[in-house]
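Scroll down for the structure; my scribbles are underneath it.
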Amino acid sequence: MTVMPSLRIICPNGHLGFAPIRVESFRIGVEARPDVIAADSGSDDVGPTPLGTDTSTSPRAWQVHDLEHMLLASRKLGVPMIIGSAGDTGANSRVDLYVGIIKDLAAKHRLPPFKLGYFYSEIGNEELRRRMRAGETVAGLEGYDDLTEAELEATERIVAMAGVHPFIELLEARADVIIGGRSSDSCVFAAPAIHRGFPEDLSYYLGKVLECASFCAEPYGGKETVLGEITANDVLVTAMHPDQRCTVASVAGHAMYERSNPYFEHVAGGTLDMSHCRYEQVDARSTRITGPKFERAPEFRVKLEGAGRIGERYVGMVGIRDPYTIAHVDQVIGWARDKVRERFGPEETGYQLHYTVYGRDGVMGEREPMRDRPAHELCILVQGVAPTADMAEELCMIGTRQMFYARLPDVKGSAGSVAFALDEVLRASPSYRWTVNHTLRCDDPLELFPTHLTTAGGSDGR
Amino acid sequence: MKTRKLSQLAKTIRSKNAGVNLITFDIIFADRSTYEQVKRSRVLTRETVSKLYRVTPDRIADFVEFDPANAIKFTIYRSRPSGSPGDPDIFGAQQYAPLLDIEVPVAEGD
């Protein structure tokens, strides 16, 4: 393919679906006639429960809102639309959900037929077990031990994090719209640039700077559109909102957002090294970047994310105002814990009971430097987790109500140790944990990411 | 020596997840001279932040002085992965508060 002088991509949202895009700056971005419209829709910030329960964290209406704006603009301009990590988790059901939404929107707007490409990212427990038994090490990240079969057994669902490869495969098949399973944020944008022949060094950087949309601009304001342009020599990023600017400080600052080290970004197949990036303000709203490097990894390893179910969950809440009781709150909690233990045995036997003491160390726990100076009133959140809903409800109820009966030797008030705003416990979402935060070696960058192509729009409707 | 609070000197002080088992902290300054001054003061080092956050130094996954953004950045391991039962801050977004009141020595007249 002949190399174009430049490729321009707009990104309207750093986490599509989580909060709706701001349409005004998106309209300005579309008027700039970009070559690609792309956004990432995933995050592991939402915790393990959506992946475990196979749900999204936001209403379908918000997902439809963003997809509709992007689809109509992309079809009007005749340029590709690319979405990564569909529906927060990038699980197969989320890809199917987005593919269905695109088909519905095509029918609703009577769009002429177009090619709709998509790929899946889940890897089955059975398949991963087979690879482990064949000798593959599933290596732990960020302090996780290597994966054991027992931890795999405890895991409900696993997604693999795609690199640029399945996106490029679908671009080569001339897909007009691509819905990706779980994928690295930056690869959603790097893929079309690499596909059009731009250097990997700059393409991965383009992805890195665009992935969170207006988070690379100032003043702070999320969900606004930014435009990135790549040439053979540099990347230029421009804020589309009239009041936002991409400055050297805001662009360089974004390199550190949400990652442990601001110089390195790991994706499937290699690492983006930003240590020698140079930033230059070219006009009030644009910054030029040169000097990033992409190092291909000697071994192709893919990141895996998996969630395992712990149990059903109920929550309760109490308040405390008596200063003597506040000073002895740990004894109050200890009393209630004892009563739970008398009913259900020790915690190790298969339930969890958590107390979060707001007003003392609720937000920071053991890291709180001021935990010896509690406030004049406390709120305590009680969480009970157990294999069944009935048990979770009862243990949370004991753990909450028994605080009322806690016996402190010198307390003046003898009619109840805590205040109830609600004398009940409430059912919460089931509790999950991140069981898999690992990497797996692959022979072929596409082997975990099967691609598919279908048609949307046209006379056959959806 | 005169001191000023870090919250008076920095433009941004924030915390956020960096993956499921890490929380990263960014302290960003509006200009190079303030950044250099805080760097020189050594109030923010692996040792001082491990003490402030009551973690052993091996729980500090990264500590970087990031010149291109006039920023000091460090990352700590969580005591349990984000969203585990009992985790009170799934996004890691409210862990920066103890940094605000760090006293930074400044030259007289600053």
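Chain identifiers are assigned as A, B, and so on, following the order in which chains appear in the structure tokens; residues are numbered from 1 within each chain, and ligands are numbered from 1 in order of appearance.
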Residues near Gln37 (chain B), cut-off 12 Å, only C-alpha atoms, skip fewer than 2 positions along chain, as an MDAnalysis selection string: chainID B and resid 3:4 6 9:10 29 31:35 39:44 70:72 104:107 110
Generate a file of the selected residues that holds N, CA and C atoms, formatted as an mmCIF file, in the first residue's frame.
data_model
loop_
_atom_site.group_PDB
_atom_site.id
_atom_site.type_symbol
_atom_site.label_atom_id
_atom_site.label_comp_id
_atom_site.auth_asym_id
_atom_site.auth_seq_id
_atom_site.Cartn_x
_atom_site.Cartn_y
_atom_site.Cartn_z
ATOM 1 N N THR B 3 8.903 26.773 55.449
ATOM 2 C CA THR B 3 8.346 25.656 54.665
ATOM 3 C C THR B 3 7.009 26.064 54.053
ATOM 4 N N ARG B 4 6.663 25.347 52.984
ATOM 5 C CA ARG B 4 5.308 25.490 52.415
ATOM 6 C C ARG B 4 4.746 24.095 52.181
ATOM 7 N N LEU B 6 3.017 21.019 50.297
ATOM 8 C CA LEU B 6 3.087 20.519 48.921
ATOM 9 C C LEU B 6 1.843 20.950 48.121
ATOM 10 N N LEU B 9 2.323 24.149 46.415
ATOM 11 C CA LEU B 9 3.360 24.204 45.390
ATOM 12 C C LEU B 9 2.992 23.436 44.114
ATOM 13 N N ALA B 10 2.175 22.389 44.265
ATOM 14 C CA ALA B 10 1.884 21.531 43.109
ATOM 15 C C ALA B 10 0.604 21.975 42.415
ATOM 16 N N PHE B 29 3.886 19.826 38.774
ATOM 17 C CA PHE B 29 4.137 21.238 39.072
ATOM 18 C C PHE B 29 3.944 22.081 37.817
ATOM 19 N N ASP B 31 5.579 24.793 36.939
ATOM 20 C CA ASP B 31 6.791 25.316 36.312
ATOM 21 C C ASP B 31 8.022 24.524 36.756
ATOM 22 N N ARG B 32 9.064 24.645 35.946
ATOM 23 C CA ARG B 32 10.267 23.873 36.156
ATOM 24 C C ARG B 32 10.945 24.213 37.487
ATOM 25 N N SER B 33 10.946 25.499 37.874
ATOM 26 C CA SER B 33 11.729 25.861 39.062
ATOM 27 C C SER B 33 11.106 25.294 40.337
ATOM 28 N N THR B 34 9.765 25.307 40.428
ATOM 29 C CA THR B 34 9.116 24.713 41.601
ATOM 30 C C THR B 34 9.397 23.208 41.653
ATOM 31 N N TYR B 35 9.285 22.583 40.488
ATOM 32 C CA TYR B 35 9.559 21.143 40.399
ATOM 33 C C TYR B 35 10.976 20.824 40.877
ATOM 34 N N LYS B 39 12.172 18.627 44.096
ATOM 35 C CA LYS B 39 13.094 17.507 43.860
ATOM 36 C C LYS B 39 14.313 17.624 44.781
ATOM 37 N N ARG B 40 14.902 18.823 44.799
ATOM 38 C CA ARG B 40 16.114 19.057 45.606
ATOM 39 C C ARG B 40 15.853 18.878 47.098
ATOM 40 N N SER B 41 14.627 19.205 47.526
ATOM 41 C CA SER B 41 14.322 19.160 48.960
ATOM 42 C C SER B 41 14.335 17.729 49.499
ATOM 43 N N ARG B 42 14.175 16.743 48.630
ATOM 44 C CA ARG B 42 14.171 15.319 49.007
ATOM 45 C C ARG B 42 13.018 14.968 49.962
ATOM 46 N N VAL B 43 11.948 15.756 49.959
ATOM 47 C CA VAL B 43 10.792 15.374 50.785
ATOM 48 C C VAL B 43 10.026 14.220 50.140
ATOM 49 N N LEU B 44 10.194 14.063 48.817
ATOM 50 C CA LEU B 44 9.560 12.946 48.127
ATOM 51 C C LEU B 44 10.640 12.019 47.583
ATOM 52 N N ASN B 70 7.368 17.923 34.457
ATOM 53 C CA ASN B 70 7.605 18.562 35.765
ATOM 54 C C ASN B 70 6.861 17.790 36.861
ATOM 55 N N ALA B 71 7.084 16.498 36.904
ATOM 56 C CA ALA B 71 6.266 15.670 37.790
ATOM 57 C C ALA B 71 7.091 14.642 38.553
ATOM 58 N N ILE B 72 6.639 14.365 39.770
ATOM 59 C CA ILE B 72 7.195 13.266 40.546
ATOM 60 C C ILE B 72 6.099 12.217 40.651
ATOM 61 N N VAL B 104 7.434 21.382 52.664
ATOM 62 C CA VAL B 104 8.589 21.466 51.784
ATOM 63 C C VAL B 104 9.429 22.678 52.192
ATOM 64 N N PRO B 105 10.698 22.479 52.536
ATOM 65 C CA PRO B 105 11.547 23.634 52.869
ATOM 66 C C PRO B 105 11.728 24.525 51.639
ATOM 67 N N VAL B 106 11.542 25.825 51.831
ATOM 68 C CA VAL B 106 11.757 26.765 50.718
ATOM 69 C C VAL B 106 12.708 27.863 51.187
ATOM 70 N N ALA B 107 13.465 28.426 50.239
ATOM 71 C CA ALA B 107 14.407 29.485 50.580
ATOM 72 C C ALA B 107 13.634 30.710 51.076
ATOM 73 N N ASP B 110 10.969 33.195 49.155
ATOM 74 C CA ASP B 110 10.203 32.513 48.101
ATOM 75 C C ASP B 110 8.710 32.659 48.331
#
Residues of region 13-96 of chain B in strand (DSSP E or B) according to DSSP, as an MDAnalysis selection string? chainID B and resid 13:17 22:28 60:66 71:77
Take the residues from that selection and put them in a file with N, CA and C atoms, as a PDB file, in the first residue's frame.
ATOM      1  N   ILE B  13      -2.187  16.941  42.355  1.00  0.00           N
ATOM      2  CA  ILE B  13      -1.763  15.825  43.197  1.00  0.00           C
ATOM      3  C   ILE B  13      -2.878  14.798  43.095  1.00  0.00           C
ATOM      4  N   ARG B  14      -2.587  13.617  42.526  1.00  0.00           N
ATOM      5  CA  ARG B  14      -3.676  12.665  42.284  1.00  0.00           C
ATOM      6  C   ARG B  14      -3.202  11.230  42.476  1.00  0.00           C
ATOM      7  N   SER B  15      -4.179  10.334  42.644  1.00  0.00           N
ATOM      8  CA  SER B  15      -3.881   8.906  42.699  1.00  0.00           C
ATOM      9  C   SER B  15      -4.886   8.181  41.821  1.00  0.00           C
ATOM     10  N   LYS B  16      -4.471   7.034  41.287  1.00  0.00           N
ATOM     11  CA  LYS B  16      -5.344   6.294  40.363  1.00  0.00           C
ATOM     12  C   LYS B  16      -4.782   4.892  40.194  1.00  0.00           C
ATOM     13  N   ASN B  17      -5.660   3.922  39.918  1.00  0.00           N
ATOM     14  CA  ASN B  17      -5.190   2.576  39.596  1.00  0.00           C
ATOM     15  C   ASN B  17      -4.217   2.608  38.429  1.00  0.00           C
ATOM     16  N   LEU B  22      -2.013  -2.157  41.476  1.00  0.00           N
ATOM     17  CA  LEU B  22      -1.119  -1.029  41.742  1.00  0.00           C
ATOM     18  C   LEU B  22      -1.930   0.259  41.835  1.00  0.00           C
ATOM     19  N   ILE B  23      -1.472   1.176  42.692  1.00  0.00           N
ATOM     20  CA  ILE B  23      -2.017   2.534  42.698  1.00  0.00           C
ATOM     21  C   ILE B  23      -0.858   3.474  42.413  1.00  0.00           C
ATOM     22  N   THR B  24      -1.056   4.371  41.454  1.00  0.00           N
ATOM     23  CA  THR B  24       0.020   5.289  41.090  1.00  0.00           C
ATOM     24  C   THR B  24      -0.338   6.713  41.507  1.00  0.00           C
ATOM     25  N   PHE B  25       0.669   7.462  41.941  1.00  0.00           N
ATOM     26  CA  PHE B  25       0.505   8.817  42.457  1.00  0.00           C
ATOM     27  C   PHE B  25       1.277   9.779  41.564  1.00  0.00           C
ATOM     28  N   ASP B  26       0.624  10.880  41.151  1.00  0.00           N
ATOM     29  CA  ASP B  26       1.277  11.900  40.327  1.00  0.00           C
ATOM     30  C   ASP B  26       1.270  13.226  41.073  1.00  0.00           C
ATOM     31  N   ILE B  27       2.432  13.835  41.195  1.00  0.00           N
ATOM     32  CA  ILE B  27       2.521  15.190  41.763  1.00  0.00           C
ATOM     33  C   ILE B  27       3.116  16.055  40.657  1.00  0.00           C
ATOM     34  N   ILE B  28       2.301  16.964  40.090  1.00  0.00           N
ATOM     35  CA  ILE B  28       2.695  17.715  38.899  1.00  0.00           C
ATOM     36  C   ILE B  28       2.811  19.198  39.250  1.00  0.00           C
ATOM     37  N   ILE B  60       6.955  -0.351  47.059  1.00  0.00           N
ATOM     38  CA  ILE B  60       6.976   0.753  46.090  1.00  0.00           C
ATOM     39  C   ILE B  60       7.427   0.160  44.755  1.00  0.00           C
ATOM     40  N   ALA B  61       6.495   0.073  43.808  1.00  0.00           N
ATOM     41  CA  ALA B  61       6.804  -0.599  42.539  1.00  0.00           C
ATOM     42  C   ALA B  61       7.635   0.292  41.621  1.00  0.00           C
ATOM     43  N   ASP B  62       7.473   1.590  41.718  1.00  0.00           N
ATOM     44  CA  ASP B  62       8.176   2.526  40.842  1.00  0.00           C
ATOM     45  C   ASP B  62       8.300   3.865  41.553  1.00  0.00           C
ATOM     46  N   PHE B  63       9.402   4.552  41.310  1.00  0.00           N
ATOM     47  CA  PHE B  63       9.521   5.942  41.769  1.00  0.00           C
ATOM     48  C   PHE B  63      10.274   6.682  40.671  1.00  0.00           C
ATOM     49  N   VAL B  64       9.638   7.694  40.075  1.00  0.00           N
ATOM     50  CA  VAL B  64      10.216   8.342  38.895  1.00  0.00           C
ATOM     51  C   VAL B  64      10.118   9.858  39.031  1.00  0.00           C
ATOM     52  N   GLU B  65      11.219  10.538  38.767  1.00  0.00           N
ATOM     53  CA  GLU B  65      11.173  11.995  38.597  1.00  0.00           C
ATOM     54  C   GLU B  65      11.070  12.237  37.097  1.00  0.00           C
ATOM     55  N   PHE B  66       9.907  12.723  36.653  1.00  0.00           N
ATOM     56  CA  PHE B  66       9.552  12.738  35.233  1.00  0.00           C
ATOM     57  C   PHE B  66       9.678  14.162  34.697  1.00  0.00           C
ATOM     58  N   ALA B  71       7.084  16.498  36.904  1.00  0.00           N
ATOM     59  CA  ALA B  71       6.266  15.670  37.790  1.00  0.00           C
ATOM     60  C   ALA B  71       7.091  14.642  38.553  1.00  0.00           C
ATOM     61  N   ILE B  72       6.639  14.365  39.770  1.00  0.00           N
ATOM     62  CA  ILE B  72       7.195  13.266  40.546  1.00  0.00           C
ATOM     63  C   ILE B  72       6.099  12.217  40.651  1.00  0.00           C
ATOM     64  N   LYS B  73       6.476  10.974  40.416  1.00  0.00           N
ATOM     65  CA  LYS B  73       5.476   9.919  40.301  1.00  0.00           C
ATOM     66  C   LYS B  73       5.957   8.686  41.032  1.00  0.00           C
ATOM     67  N   PHE B  74       5.076   8.080  41.822  1.00  0.00           N
ATOM     68  CA  PHE B  74       5.449   6.792  42.423  1.00  0.00           C
ATOM     69  C   PHE B  74       4.240   5.875  42.437  1.00  0.00           C
ATOM     70  N   THR B  75       4.512   4.598  42.560  1.00  0.00           N
ATOM     71  CA  THR B  75       3.469   3.582  42.436  1.00  0.00           C
ATOM     72  C   THR B  75       3.637   2.573  43.553  1.00  0.00           C
ATOM     73  N   ILE B  76       2.523   2.269  44.241  1.00  0.00           N
ATOM     74  CA  ILE B  76       2.620   1.277  45.318  1.00  0.00           C
ATOM     75  C   ILE B  76       1.725   0.073  45.016  1.00  0.00           C
ATOM     76  N   TYR B  77       2.143  -1.078  45.535  1.00  0.00           N
ATOM     77  CA  TYR B  77       1.296  -2.268  45.444  1.00  0.00           C
ATOM     78  C   TYR B  77       0.117  -2.097  46.380  1.00  0.00           C
TER      79      TYR B  77
END
Which residues of chain A are close to chain B, meaning at most 9 Å apart when you count only C-alpha atoms, and how do they look as a PyMOL selection string? chain A and resi 44-49+141-144+248-263+277-279+310+313+352-356+362-370+382-385+431-434+437
Find the residues near Gly42 (chain A): any atom within 12 Å, counting only C-alpha atoms, skip ones fewer than 3 places away on the same chain, and give them as a PyMOL selection string. chain A and resi 13-18+39+45-47+50-51+56-58+63+83-91+94-95+159+161+179-186+188+211-212
DSSP helix (DSSP H, G or I) selection over chain B, as a PyMOL selection string: chain B and resi 6-9+32-41+46-52+57-59+67-69+97-100
Distance criterion (only C-alpha atoms): nearest to Phe198 (chain A) out of A:Cys246, A:Val340, A:Leu227, A:Leu7: A:Leu7
Could you give me, as a ChimeraX atom specification, the residues within 6 Å of Val79 (chain A), counting only C-alpha atoms and dropping anything in the same chain fewer than 3 positions from it? /A:35-36,74
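In terms of minimum interatomic distance to Lys11 (chain B), A:Pro219 ranks closest within A:Ile320, A:Ala327, A:Pro219, A:Ala406, counting only C-alpha atoms.
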Report as a list in words all protein, DNA and RNA residues lying within 6 Å of Lys115 (chain A), evaluated on only C-alpha atoms, omitting residues in the same chain fewer than 3 positions from it. Ala175, Asp176, Thr454 and Thr455 of chain A
